[in-house]
Amino acid sequence: MSTALTTPTTGSRNAVAAPALTQSTSMLSDVFTVFSRELRPVLRDPFSVVFSMIQPLVFLGLFGPLLSGFPGTGTGSALQWFVPGIIVMSCLFSGSFTGSNLLFELQTGSHERMLVTPLRRSALLIGRALKEIVPMIMQAVIIVAVCVPFGFELHVAGVLVALVILAVLAIGIGSLSYTLALASKNQDWLFWTVQQTLLFPALLLAGILLPVDDGPGWLRALAQANPLSYVVDATRVLFSGEIASVTVVQGLAAAAAVAAVGLFTGIRAMRRSS
Amino acid sequence: MTGMNSTVVPMDTTMIRTQGLTRHFVVKKETVEAVRGLDLAVQRGELVALLGPNGAGKSTTVRMLTTLIPPTAGSAHVAGFDVVRNQGEVRRRIGYIGQGNGAGHQQVGRDELTSQGRAYGMGRKAARARADELISALDLAGVADRKVATLSGGQRRRLDIAMGLIHAPALLFLDEPSTGLDPQNRANLQDQIVKLRAEYGTTIVLTTHYLDEADSMAERVIVVDHGRVIADDTPARLKAEHAGDRISLACGSDDDARRASARIGAFDGVDAEHGRDRVHVRAVNGPELLPELLRRLDADGIRVIRAELARPTLDDVFLNLTGRSLREGGAEPAEPEPPATSTAATTRQNQEITA
Ligand SMILES: Nc1ncnc2c1ncn2[C@@H]1O[C@H](COP(=O)(O)OP(=O)(O)OP(=O)(O)O)[C@@H](O)[C@H]1O
Ligand SMILES: [Mg+2]
């Protein structure tokens, strides 16, 4: 048994210490180590992804039908207008919740154990943030699959481009959620308060549930300042099959801005975490 | 395997050297001086126990030495590298088993072990093989493939230890390794730690507030209180210097006790006091002194009904150094107990002789 505990050395206690099994790693392999660790529970229990999208599905089933013929929902069916928003919504929900996993690990000691390893602090954040792409795609696929039988028109190329933008957004929202978790280490109420407080305004001001075009000026101004609005618009354009559009570029830029801010604050918070 | 040699700890280094290591925390504008100017040197192959009550600064010290938090002042070199300037180098050379649980609750034990190995740069195959080794070494075979959330406290602790050993570090920190373990698992763990050190010369620093643990495992105990080292020696010398052996005698009458006390007090370096039919004696060489005492008292016609010898524990040392008992949590200043009643705390090592 004991032979397994450490690597045998040349013998006496004063000899050169046991050659550690450690080798230096690249940034990429650090990110991959963290990413695959985070992904494992998702893959082992894919159903958990469905749980986190119950709210979006409720909105899709119970709120979506109220929208038919609603002004501002475009020329096509209400479903065609609503589905892209719901996909962004589920990305927003699961992305903003994800910090709670880190928060838990901050409290149990799992995170501390990772911090003592040579893993780069940036990789600890980036690996986690990249993992958000996977549930996002799974959720988008589920939503689309559920809606196609109800007359949702599928434009594959557009959807694929939309997924790229949403992937960037998922990284951004995930990173922001992790930042919040790191800031809430010893006060988990802070995480939930901020997350819940920001979630619904962000949702409403992105025109996900209802169009904001006919709202009062101040509300439209807020919506315009909300990067999610651009992502939602771009997703709608793409889901209608249009790819070469300024809206798409704006959506990508907005998602990239969220990701940049999220990664910057997240990596900074990770460097300071203990 | 070219990278291997780069992580070998330089040969002639002291494993840990700190100078004026200090850490303050500011909580609600109040400064908590968790560690105050620690000067410490730990040589390769030592097994050192940091012993102290709750809040003494043990974890804070270990967290600075493992690069988790930067010192407020002072410096620390660990495995030959500065904990602030060369964090990466330190991290590659040390193992750390924290006070909490290292494995993620949603994860499977075996996966956590392999990702831990990957974090240290082990190849996928090597990490898996090493995980297998540790799973059997730490008796985790039955539970390694279960979700961590379903494991018992002791099983989780063993998993933590396996994770800390994954890269076979030459220097291992354990923060309260046996807290939450049942006596059997505690004993197992202590065996494993001692073995690790005996066979491979792993340098080990552990924190504990179990006195018997520090006593039986470490050959160097550093007693910390309020962020300062208040004693640093072998358990035996600490006990000899800071707490003597205690002998209690029950005599045939109050008068016998009075006479016995006077007779014993005349011995060199021996303190005696009496109350009713009891005599309480403090001495360094209890086991040799006791038979001698009994013979002398017998010769003087003093009747002794019972004799009890208590060897000092580290608790006595702590009590002697700080006036507080570790067993009472140590936080509140407590009156030192009179020798007669404190034998309860030392029953583990009591040797009873009935005359
Ligand atoms: N992150 C922190 N923020 C504020 N104060 C802290 C922090 N960590 C530790 N302290 C304080 O520093 C002091 C030393 O704490 P530390 O955790 O090092 O004690 P310890 O000896 O490990 O105690 P225990 O036996 O309870 O684990 C305590 O007063 C504690 O409240
Ligand atoms: Mg502690």
# chains A, B, ... in the order shown; residues from 1 in each chain; ligands from 1
>>> closest_atom_pairs(of="chain B", to="chain A", cutoff="6 Å", atoms="only C-alpha atoms", output="Markdown table")
| residue | atom | partner | partner_atom | distance |
| --- | --- | --- | --- | --- |
| B:Gly3 | CA | A:Gln23 | CA | 5.2 |
| B:Val8 | CA | A:Pro19 | CA | 5.3 |
| B:Met11 | CA | A:Val16 | CA | 5.4 |
| B:Leu68 | CA | A:Ser274 | CA | 5.3 |
| B:Gly88 | CA | A:Pro118 | CA | 5.6 |
| B:Arg91 | CA | A:Pro118 | CA | 5.3 |
| B:Arg92 | CA | A:Pro118 | CA | 5.7 |
| B:Gly100 | CA | A:Gly109 | CA | 4.7 |
| B:Asn101 | CA | A:Gly109 | CA | 5.1 |
| B:Gly102 | CA | A:Ser110 | CA | 4.0 |
| B:Ala103 | CA | A:Ser110 | CA | 5.4 |
| B:Gly104 | CA | A:Ser110 | CA | 5.7 |
| B:Ala119 | CA | A:Leu119 | CA | 5.8 |
| B:Tyr120 | CA | A:Thr22 | CA | 5.0 |
| B:Gly121 | CA | A:Gln23 | CA | 4.7 |
| B:Glu133 | CA | A:Ala4 | CA | 5.5 |
| B:Ala137 | CA | A:Met1 | CA | 4.9 |
| B:His167 | CA | A:Leu21 | CA | 4.9 |
| B:Ala168 | CA | A:Thr6 | CA | 4.5 |
| B:Pro169 | CA | A:Ala20 | CA | 5.6 |
| B:Ala170 | CA | A:Ala18 | CA | 5.7 |
| B:Gly201 | CA | A:Arg13 | CA | 4.9 |
>>> residues_near_ligand(ligand="ligand 1", cutoff="10 Å", atoms="only C-alpha atoms and all ligand atoms", output="mmCIF file with all heavy atoms, in the first residue's frame")
data_model
loop_
_atom_site.group_PDB
_atom_site.id
_atom_site.type_symbol
_atom_site.label_atom_id
_atom_site.label_comp_id
_atom_site.auth_asym_id
_atom_site.auth_seq_id
_atom_site.Cartn_x
_atom_site.Cartn_y
_atom_site.Cartn_z
ATOM 1 N N LYS A 185 -18.055 35.504 -1.740
ATOM 2 C CA LYS A 185 -17.525 34.328 -1.059
ATOM 3 C C LYS A 185 -18.083 34.104 0.339
ATOM 4 O O LYS A 185 -18.550 33.019 0.660
ATOM 5 C CB LYS A 185 -16.001 34.400 -0.985
ATOM 6 C CG LYS A 185 -15.414 33.165 -0.324
ATOM 7 C CD LYS A 185 -13.908 33.223 -0.217
ATOM 8 C CE LYS A 185 -13.414 31.987 0.524
ATOM 9 N NZ LYS A 185 -11.992 32.031 0.844
ATOM 10 N N ASN A 186 -18.032 35.126 1.156
ATOM 11 C CA ASN A 186 -18.455 34.901 2.537
ATOM 12 C C ASN A 186 -19.865 35.392 2.824
ATOM 13 O O ASN A 186 -20.265 35.540 3.964
ATOM 14 C CB ASN A 186 -17.467 35.572 3.494
ATOM 15 C CG ASN A 186 -16.095 34.968 3.361
ATOM 16 O OD1 ASN A 186 -15.957 33.748 3.279
ATOM 17 N ND2 ASN A 186 -15.080 35.803 3.283
ATOM 18 N N SER A 274 -9.078 33.573 -2.816
ATOM 19 C CA SER A 274 -8.245 32.721 -1.966
ATOM 20 C C SER A 274 -9.116 31.685 -1.293
ATOM 21 O O SER A 274 -10.320 31.775 -1.292
ATOM 22 C CB SER A 274 -7.536 33.548 -0.903
ATOM 23 O OG SER A 274 -8.492 34.134 -0.062
ATOM 24 N N ARG B 23 0.266 38.315 9.134
ATOM 25 C CA ARG B 23 -0.944 38.497 8.333
ATOM 26 C C ARG B 23 -2.034 39.155 9.171
ATOM 27 O O ARG B 23 -2.360 38.684 10.259
ATOM 28 C CB ARG B 23 -1.441 37.140 7.821
ATOM 29 C CG ARG B 23 -2.761 37.191 7.105
ATOM 30 C CD ARG B 23 -2.678 37.891 5.758
ATOM 31 N NE ARG B 23 -3.994 38.290 5.311
ATOM 32 C CZ ARG B 23 -4.333 38.477 4.027
ATOM 33 N NH1 ARG B 23 -3.449 38.321 3.068
ATOM 34 N NH2 ARG B 23 -5.549 38.842 3.719
ATOM 35 N N HIS B 24 -2.525 40.237 8.657
ATOM 36 C CA HIS B 24 -3.646 40.927 9.293
ATOM 37 C C HIS B 24 -4.873 40.775 8.420
ATOM 38 O O HIS B 24 -4.777 40.703 7.202
ATOM 39 C CB HIS B 24 -3.346 42.424 9.450
ATOM 40 C CG HIS B 24 -2.201 42.703 10.370
ATOM 41 N ND1 HIS B 24 -1.617 43.931 10.481
ATOM 42 C CD2 HIS B 24 -1.523 41.897 11.224
ATOM 43 C CE1 HIS B 24 -0.629 43.885 11.362
ATOM 44 N NE2 HIS B 24 -0.543 42.650 11.819
ATOM 45 N N PHE B 25 -6.017 40.747 9.043
ATOM 46 C CA PHE B 25 -7.276 40.834 8.306
ATOM 47 C C PHE B 25 -8.000 42.059 8.829
ATOM 48 O O PHE B 25 -7.958 42.336 10.024
ATOM 49 C CB PHE B 25 -8.160 39.611 8.560
ATOM 50 C CG PHE B 25 -7.608 38.338 7.997
ATOM 51 C CD1 PHE B 25 -7.024 37.394 8.833
ATOM 52 C CD2 PHE B 25 -7.680 38.073 6.637
ATOM 53 C CE1 PHE B 25 -6.519 36.207 8.323
ATOM 54 C CE2 PHE B 25 -7.174 36.889 6.120
ATOM 55 C CZ PHE B 25 -6.596 35.956 6.962
ATOM 56 N N VAL B 26 -8.655 42.750 7.929
ATOM 57 C CA VAL B 26 -9.461 43.873 8.397
ATOM 58 C C VAL B 26 -10.926 43.467 8.290
ATOM 59 O O VAL B 26 -11.424 43.162 7.206
ATOM 60 C CB VAL B 26 -9.182 45.138 7.571
ATOM 61 C CG1 VAL B 26 -10.048 46.291 8.072
ATOM 62 C CG2 VAL B 26 -7.710 45.505 7.667
ATOM 63 N N VAL B 27 -11.555 43.366 9.425
ATOM 64 C CA VAL B 27 -12.965 43.007 9.460
ATOM 65 C C VAL B 27 -13.726 44.155 10.099
ATOM 66 O O VAL B 27 -13.507 44.482 11.259
ATOM 67 C CB VAL B 27 -13.191 41.714 10.279
ATOM 68 C CG1 VAL B 27 -14.638 41.261 10.148
ATOM 69 C CG2 VAL B 27 -12.249 40.618 9.824
ATOM 70 N N LYS B 28 -14.605 44.749 9.327
ATOM 71 C CA LYS B 28 -15.399 45.892 9.811
ATOM 72 C C LYS B 28 -14.508 46.930 10.477
ATOM 73 O O LYS B 28 -14.736 47.322 11.622
ATOM 74 C CB LYS B 28 -16.490 45.410 10.769
ATOM 75 C CG LYS B 28 -17.550 44.621 10.029
ATOM 76 C CD LYS B 28 -18.697 44.257 10.931
ATOM 77 C CE LYS B 28 -19.725 43.448 10.176
ATOM 78 N NZ LYS B 28 -20.403 42.468 11.006
ATOM 79 N N GLU B 30 -11.911 46.750 11.904
ATOM 80 C CA GLU B 30 -11.042 46.294 12.983
ATOM 81 C C GLU B 30 -9.991 45.359 12.427
ATOM 82 O O GLU B 30 -10.286 44.519 11.590
ATOM 83 C CB GLU B 30 -11.860 45.577 14.055
ATOM 84 C CG GLU B 30 -12.325 46.527 15.141
ATOM 85 C CD GLU B 30 -12.959 45.770 16.283
ATOM 86 O OE1 GLU B 30 -12.367 44.769 16.736
ATOM 87 O OE2 GLU B 30 -14.060 46.175 16.698
ATOM 88 N N THR B 31 -8.780 45.535 12.898
ATOM 89 C CA THR B 31 -7.704 44.702 12.395
ATOM 90 C C THR B 31 -7.544 43.466 13.266
ATOM 91 O O THR B 31 -7.397 43.568 14.478
ATOM 92 C CB THR B 31 -6.385 45.490 12.388
ATOM 93 O OG1 THR B 31 -6.600 46.661 11.595
ATOM 94 C CG2 THR B 31 -5.268 44.678 11.757
ATOM 95 N N VAL B 32 -7.611 42.310 12.615
ATOM 96 C CA VAL B 32 -7.351 41.056 13.321
ATOM 97 C C VAL B 32 -5.921 40.655 12.997
ATOM 98 O O VAL B 32 -5.570 40.470 11.841
ATOM 99 C CB VAL B 32 -8.307 39.935 12.842
ATOM 100 C CG1 VAL B 32 -8.030 38.646 13.590
ATOM 101 C CG2 VAL B 32 -9.750 40.362 12.993
ATOM 102 N N GLU B 33 -5.091 40.549 14.013
ATOM 103 C CA GLU B 33 -3.710 40.132 13.777
ATOM 104 C C GLU B 33 -3.646 38.617 13.871
ATOM 105 O O GLU B 33 -3.385 38.061 14.927
ATOM 106 C CB GLU B 33 -2.782 40.790 14.790
ATOM 107 C CG GLU B 33 -2.790 42.314 14.696
ATOM 108 C CD GLU B 33 -1.831 42.947 15.685
ATOM 109 O OE1 GLU B 33 -0.676 42.502 15.772
ATOM 110 O OE2 GLU B 33 -2.258 43.875 16.390
ATOM 111 N N ALA B 34 -3.904 37.975 12.748
ATOM 112 C CA ALA B 34 -4.023 36.520 12.757
ATOM 113 C C ALA B 34 -2.672 35.837 12.970
ATOM 114 O O ALA B 34 -2.579 34.846 13.680
ATOM 115 C CB ALA B 34 -4.661 36.040 11.465
ATOM 116 N N VAL B 35 -1.634 36.358 12.324
ATOM 117 C CA VAL B 35 -0.286 35.803 12.491
ATOM 118 C C VAL B 35 0.658 36.976 12.731
ATOM 119 O O VAL B 35 0.648 37.946 11.977
ATOM 120 C CB VAL B 35 0.146 35.005 11.236
ATOM 121 C CG1 VAL B 35 1.576 34.516 11.376
ATOM 122 C CG2 VAL B 35 -0.792 33.823 11.001
ATOM 123 N N LEU B 50 1.594 21.970 14.014
ATOM 124 C CA LEU B 50 1.232 23.284 14.536
ATOM 125 C C LEU B 50 0.038 23.069 15.437
ATOM 126 O O LEU B 50 -1.017 22.642 14.976
ATOM 127 C CB LEU B 50 0.827 24.227 13.408
ATOM 128 C CG LEU B 50 1.902 24.787 12.494
ATOM 129 C CD1 LEU B 50 1.258 25.638 11.407
ATOM 130 C CD2 LEU B 50 2.881 25.627 13.289
ATOM 131 N N LEU B 51 0.225 23.355 16.706
ATOM 132 C CA LEU B 51 -0.822 23.078 17.673
ATOM 133 C C LEU B 51 -1.299 24.385 18.283
ATOM 134 O O LEU B 51 -0.498 25.240 18.632
ATOM 135 C CB LEU B 51 -0.237 22.169 18.760
ATOM 136 C CG LEU B 51 -1.112 21.820 19.948
ATOM 137 C CD1 LEU B 51 -2.168 20.813 19.540
ATOM 138 C CD2 LEU B 51 -0.269 21.252 21.077
ATOM 139 N N GLY B 52 -2.577 24.541 18.362
ATOM 140 C CA GLY B 52 -3.090 25.765 18.978
ATOM 141 C C GLY B 52 -4.598 25.753 19.006
ATOM 142 O O GLY B 52 -5.217 24.974 18.285
ATOM 143 N N PRO B 53 -5.199 26.595 19.828
ATOM 144 C CA PRO B 53 -6.662 26.613 19.930
ATOM 145 C C PRO B 53 -7.296 27.237 18.687
ATOM 146 O O PRO B 53 -6.593 27.747 17.817
ATOM 147 C CB PRO B 53 -6.915 27.488 21.157
ATOM 148 C CG PRO B 53 -5.727 28.387 21.235
ATOM 149 C CD PRO B 53 -4.572 27.596 20.707
ATOM 150 N N ASN B 54 -8.614 27.218 18.616
ATOM 151 C CA ASN B 54 -9.333 27.857 17.518
ATOM 152 C C ASN B 54 -8.897 29.314 17.398
ATOM 153 O O ASN B 54 -8.796 30.019 18.397
ATOM 154 C CB ASN B 54 -10.848 27.843 17.772
ATOM 155 C CG ASN B 54 -11.432 26.449 17.604
ATOM 156 O OD1 ASN B 54 -12.167 25.981 18.441
ATOM 157 N ND2 ASN B 54 -11.097 25.785 16.534
ATOM 158 N N GLY B 55 -8.643 29.718 16.181
ATOM 159 C CA GLY B 55 -8.312 31.120 15.948
ATOM 160 C C GLY B 55 -6.878 31.491 16.265
ATOM 161 O O GLY B 55 -6.499 32.652 16.219
ATOM 162 N N ALA B 56 -6.036 30.495 16.531
ATOM 163 C CA ALA B 56 -4.645 30.780 16.894
ATOM 164 C C ALA B 56 -3.836 31.305 15.718
ATOM 165 O O ALA B 56 -2.811 31.956 15.899
ATOM 166 C CB ALA B 56 -3.992 29.524 17.445
ATOM 167 N N GLY B 57 -4.307 31.006 14.500
ATOM 168 C CA GLY B 57 -3.572 31.439 13.317
ATOM 169 C C GLY B 57 -2.919 30.296 12.561
ATOM 170 O O GLY B 57 -2.108 30.521 11.669
ATOM 171 N N LYS B 58 -3.300 29.071 12.869
ATOM 172 C CA LYS B 58 -2.713 27.907 12.211
ATOM 173 C C LYS B 58 -3.051 27.890 10.724
ATOM 174 O O LYS B 58 -2.165 27.800 9.874
ATOM 175 C CB LYS B 58 -3.221 26.602 12.857
ATOM 176 C CG LYS B 58 -3.004 26.527 14.359
ATOM 177 C CD LYS B 58 -3.487 25.204 14.923
ATOM 178 C CE LYS B 58 -4.980 24.977 14.803
ATOM 179 N NZ LYS B 58 -5.808 25.850 15.653
ATOM 180 N N SER B 59 -4.336 27.972 10.424
ATOM 181 C CA SER B 59 -4.742 27.931 9.021
ATOM 182 C C SER B 59 -4.180 29.118 8.254
ATOM 183 O O SER B 59 -3.729 28.970 7.118
ATOM 184 C CB SER B 59 -6.263 27.937 8.892
ATOM 185 O OG SER B 59 -6.791 26.759 9.441
ATOM 186 N N THR B 60 -4.201 30.266 8.858
ATOM 187 C CA THR B 60 -3.685 31.454 8.176
ATOM 188 C C THR B 60 -2.211 31.256 7.827
ATOM 189 O O THR B 60 -1.773 31.595 6.731
ATOM 190 C CB THR B 60 -3.874 32.695 9.068
ATOM 191 O OG1 THR B 60 -5.248 32.770 9.434
ATOM 192 C CG2 THR B 60 -3.480 33.967 8.344
ATOM 193 N N THR B 61 -1.459 30.686 8.752
ATOM 194 C CA THR B 61 -0.051 30.408 8.483
ATOM 195 C C THR B 61 0.091 29.459 7.301
ATOM 196 O O THR B 61 0.827 29.733 6.348
ATOM 197 C CB THR B 61 0.608 29.779 9.735
ATOM 198 O OG1 THR B 61 0.438 30.669 10.826
ATOM 199 C CG2 THR B 61 2.073 29.511 9.505
ATOM 200 N N VAL B 62 -0.655 28.369 7.360
ATOM 201 C CA VAL B 62 -0.560 27.382 6.282
ATOM 202 C C VAL B 62 -1.022 27.992 4.959
ATOM 203 O O VAL B 62 -0.430 27.742 3.910
ATOM 204 C CB VAL B 62 -1.385 26.121 6.642
ATOM 205 C CG1 VAL B 62 -1.507 25.195 5.454
ATOM 206 C CG2 VAL B 62 -0.744 25.398 7.812
ATOM 207 N N ARG B 63 -2.039 28.822 5.009
ATOM 208 C CA ARG B 63 -2.532 29.433 3.773
ATOM 209 C C ARG B 63 -1.516 30.399 3.166
ATOM 210 O O ARG B 63 -1.431 30.526 1.955
ATOM 211 C CB ARG B 63 -3.876 30.120 4.022
ATOM 212 C CG ARG B 63 -5.009 29.085 4.208
ATOM 213 C CD ARG B 63 -6.231 29.664 4.863
ATOM 214 N NE ARG B 63 -6.840 30.718 4.059
ATOM 215 C CZ ARG B 63 -7.554 30.498 2.958
ATOM 216 N NH1 ARG B 63 -7.748 29.267 2.550
ATOM 217 N NH2 ARG B 63 -8.057 31.491 2.276
ATOM 218 N N MET B 64 -0.722 31.030 3.991
ATOM 219 C CA MET B 64 0.349 31.867 3.438
ATOM 220 C C MET B 64 1.449 30.997 2.835
ATOM 221 O O MET B 64 1.959 31.289 1.764
ATOM 222 C CB MET B 64 0.931 32.775 4.525
ATOM 223 C CG MET B 64 0.023 33.929 4.878
ATOM 224 S SD MET B 64 0.854 35.150 5.907
ATOM 225 C CE MET B 64 0.750 34.382 7.516
ATOM 226 N N ILE B 69 -2.896 32.973 0.383
ATOM 227 C CA ILE B 69 -3.043 34.393 0.705
ATOM 228 C C ILE B 69 -1.663 35.006 0.879
ATOM 229 O O ILE B 69 -0.743 34.354 1.382
ATOM 230 C CB ILE B 69 -3.879 34.622 1.993
ATOM 231 C CG1 ILE B 69 -3.364 33.751 3.139
ATOM 232 C CG2 ILE B 69 -5.354 34.358 1.754
ATOM 233 C CD1 ILE B 69 -4.026 34.047 4.476
ATOM 234 N N GLN B 99 -8.591 22.521 5.264
ATOM 235 C CA GLN B 99 -9.490 22.227 6.371
ATOM 236 C C GLN B 99 -10.858 21.779 5.860
ATOM 237 O O GLN B 99 -11.576 21.036 6.525
ATOM 238 C CB GLN B 99 -9.619 23.475 7.260
ATOM 239 C CG GLN B 99 -9.965 23.168 8.686
ATOM 240 C CD GLN B 99 -9.834 24.382 9.602
ATOM 241 O OE1 GLN B 99 -9.214 25.393 9.259
ATOM 242 N NE2 GLN B 99 -10.403 24.287 10.771
ATOM 243 N N ASP B 175 -4.132 20.643 6.839
ATOM 244 C CA ASP B 175 -4.800 21.498 7.821
ATOM 245 C C ASP B 175 -5.900 20.681 8.493
ATOM 246 O O ASP B 175 -6.916 20.369 7.879
ATOM 247 C CB ASP B 175 -5.379 22.735 7.130
ATOM 248 C CG ASP B 175 -5.681 23.855 8.117
ATOM 249 O OD1 ASP B 175 -5.516 23.640 9.338
ATOM 250 O OD2 ASP B 175 -6.076 24.941 7.667
ATOM 251 N N GLU B 176 -5.664 20.336 9.735
ATOM 252 C CA GLU B 176 -6.590 19.495 10.497
ATOM 253 C C GLU B 176 -7.048 18.269 9.728
ATOM 254 O O GLU B 176 -8.238 18.098 9.463
ATOM 255 C CB GLU B 176 -7.783 20.328 10.949
ATOM 256 C CG GLU B 176 -7.290 21.417 11.869
ATOM 257 C CD GLU B 176 -8.403 22.102 12.627
ATOM 258 O OE1 GLU B 176 -9.511 21.554 12.677
ATOM 259 O OE2 GLU B 176 -8.128 23.171 13.163
ATOM 260 N N THR B 207 -1.596 20.808 10.966
ATOM 261 C CA THR B 207 -2.150 21.561 12.086
ATOM 262 C C THR B 207 -3.152 20.662 12.784
ATOM 263 O O THR B 207 -3.744 19.794 12.169
ATOM 264 C CB THR B 207 -2.904 22.827 11.643
ATOM 265 O OG1 THR B 207 -4.192 22.441 11.137
ATOM 266 C CG2 THR B 207 -2.150 23.596 10.589
ATOM 267 N N THR B 208 -3.284 20.876 14.046
ATOM 268 C CA THR B 208 -4.221 20.041 14.786
ATOM 269 C C THR B 208 -4.588 20.719 16.085
ATOM 270 O O THR B 208 -3.854 21.555 16.580
ATOM 271 C CB THR B 208 -3.614 18.648 15.065
ATOM 272 O OG1 THR B 208 -4.579 17.845 15.731
ATOM 273 C CG2 THR B 208 -2.361 18.729 15.919
ATOM 274 N N HIS B 209 -5.753 20.414 16.607
ATOM 275 C CA HIS B 209 -5.931 20.707 18.015
ATOM 276 C C HIS B 209 -6.161 19.441 18.813
ATOM 277 O O HIS B 209 -6.580 19.483 19.935
ATOM 278 C CB HIS B 209 -6.925 21.808 18.373
ATOM 279 C CG HIS B 209 -8.031 22.057 17.437
ATOM 280 N ND1 HIS B 209 -9.036 22.913 17.704
ATOM 281 C CD2 HIS B 209 -8.295 21.595 16.235
ATOM 282 C CE1 HIS B 209 -9.865 22.960 16.699
ATOM 283 N NE2 HIS B 209 -9.439 22.157 15.794
ATOM 284 N N TYR B 210 -5.865 18.320 18.184
ATOM 285 C CA TYR B 210 -5.835 17.086 18.955
ATOM 286 C C TYR B 210 -4.450 16.921 19.552
ATOM 287 O O TYR B 210 -3.466 16.766 18.845
ATOM 288 C CB TYR B 210 -6.136 15.872 18.077
ATOM 289 C CG TYR B 210 -7.553 15.816 17.601
ATOM 290 C CD1 TYR B 210 -7.836 15.840 16.252
ATOM 291 C CD2 TYR B 210 -8.596 15.720 18.511
ATOM 292 C CE1 TYR B 210 -9.147 15.781 15.797
ATOM 293 C CE2 TYR B 210 -9.892 15.663 18.067
ATOM 294 C CZ TYR B 210 -10.173 15.685 16.713
ATOM 295 O OH TYR B 210 -11.458 15.631 16.283
ATOM 296 N N VAL B 224 1.145 27.407 18.892
ATOM 297 C CA VAL B 224 0.815 28.772 18.474
ATOM 298 C C VAL B 224 -0.356 29.272 19.298
ATOM 299 O O VAL B 224 -1.285 28.521 19.577
ATOM 300 C CB VAL B 224 0.367 28.834 16.997
ATOM 301 C CG1 VAL B 224 0.963 30.013 16.281
ATOM 302 C CG2 VAL B 224 0.634 27.553 16.261
ATOM 303 N N ASP B 225 -0.284 30.527 19.653
ATOM 304 C CA ASP B 225 -1.407 31.142 20.351
ATOM 305 C C ASP B 225 -1.442 32.605 19.956
ATOM 306 O O ASP B 225 -0.410 33.266 19.923
ATOM 307 C CB ASP B 225 -1.227 30.973 21.866
ATOM 308 C CG ASP B 225 -2.476 31.390 22.623
ATOM 309 O OD1 ASP B 225 -3.589 31.174 22.099
ATOM 310 O OD2 ASP B 225 -2.334 31.932 23.733
ATOM 311 N N HIS B 226 -2.630 33.106 19.636
ATOM 312 C CA HIS B 226 -2.785 34.497 19.222
ATOM 313 C C HIS B 226 -1.765 34.900 18.163
ATOM 314 O O HIS B 226 -1.185 35.976 18.229
ATOM 315 C CB HIS B 226 -2.673 35.435 20.429
ATOM 316 C CG HIS B 226 -3.775 35.239 21.419
ATOM 317 N ND1 HIS B 226 -5.106 35.214 21.045
ATOM 318 C CD2 HIS B 226 -3.760 35.037 22.759
ATOM 319 C CE1 HIS B 226 -5.852 35.020 22.109
ATOM 320 N NE2 HIS B 226 -5.062 34.891 23.170
ATOM 321 N N GLY B 227 -1.532 34.016 17.209
ATOM 322 C CA GLY B 227 -0.670 34.367 16.086
ATOM 323 C C GLY B 227 0.815 34.342 16.377
ATOM 324 O O GLY B 227 1.613 34.775 15.552
ATOM 325 N N GLY B 329 -11.666 24.812 24.339
ATOM 326 C CA GLY B 329 -11.765 25.657 23.166
ATOM 327 C C GLY B 329 -10.683 26.711 23.206
ATOM 328 O O GLY B 329 -10.301 27.258 22.204
ATOM 329 N N GLY B 330 -10.168 26.979 24.394
ATOM 330 C CA GLY B 330 -9.017 27.848 24.510
ATOM 331 C C GLY B 330 -9.309 29.324 24.353
ATOM 332 O O GLY B 330 -8.454 30.157 24.617
#
>>> atom_distance(atom1="CA of Asp191 (chain B)", atom2="CA of Val42 (chain B)")
21.5 Å
>>> atom_distance(atom1="CA of Gly323 (chain B)", atom2="CA of Ala49 (chain B)")
20.9 Å
>>> select_by_dssp(residues="region 108-320 of chain B", states="strand (DSSP E or B)", output="VMD selection string")
chain B and resid 108 147 171 to 175 203 to 208 220 to 225 228 to 233 245 to 251 271 to 275 278 to 283 304 to 310
>>> closest_residue(among="A:Arg220, A:Lys131, A:Arg121, A:His155", to="Val237 (chain A)", atoms="only C-alpha atoms")
A:His155
>>> select_by_dssp(residues="region 262-309 of chain B", states="helix (DSSP H, G or I)", output="count of residues only")
18
>>> residues_around(residues="Pro71 (chain A)", least_positions_apart="5", cutoff="10 Å", atoms="only C-alpha atoms", output="PyMOL selection string")
chain A and resi 78+210-211+213-214
>>> atom_distance(atom1="CA of Arg17 (chain B)", atom2="CA of Val221 (chain B)")
16.1 Å
>>> residues_around(residues="Leu238 (chain A)", least_positions_apart="2", cutoff="12 Å", atoms="only C-alpha atoms", output="number ranges by chain")
A: 80-81, 83-85, 153-166, 231-236, 240-249, 251-252
>>> closest_residue(among="B:Ala310, B:Leu294, B:Ala144, B:Leu113", to="Cys251 (chain B)", atoms="only C-alpha atoms")
B:Leu294
>>> closest_residue(among="B:Gly117, B:Gly123, B:Gly80, B:Gly109", to="Leu140 (chain B)", atoms="only C-alpha atoms")
B:Gly109
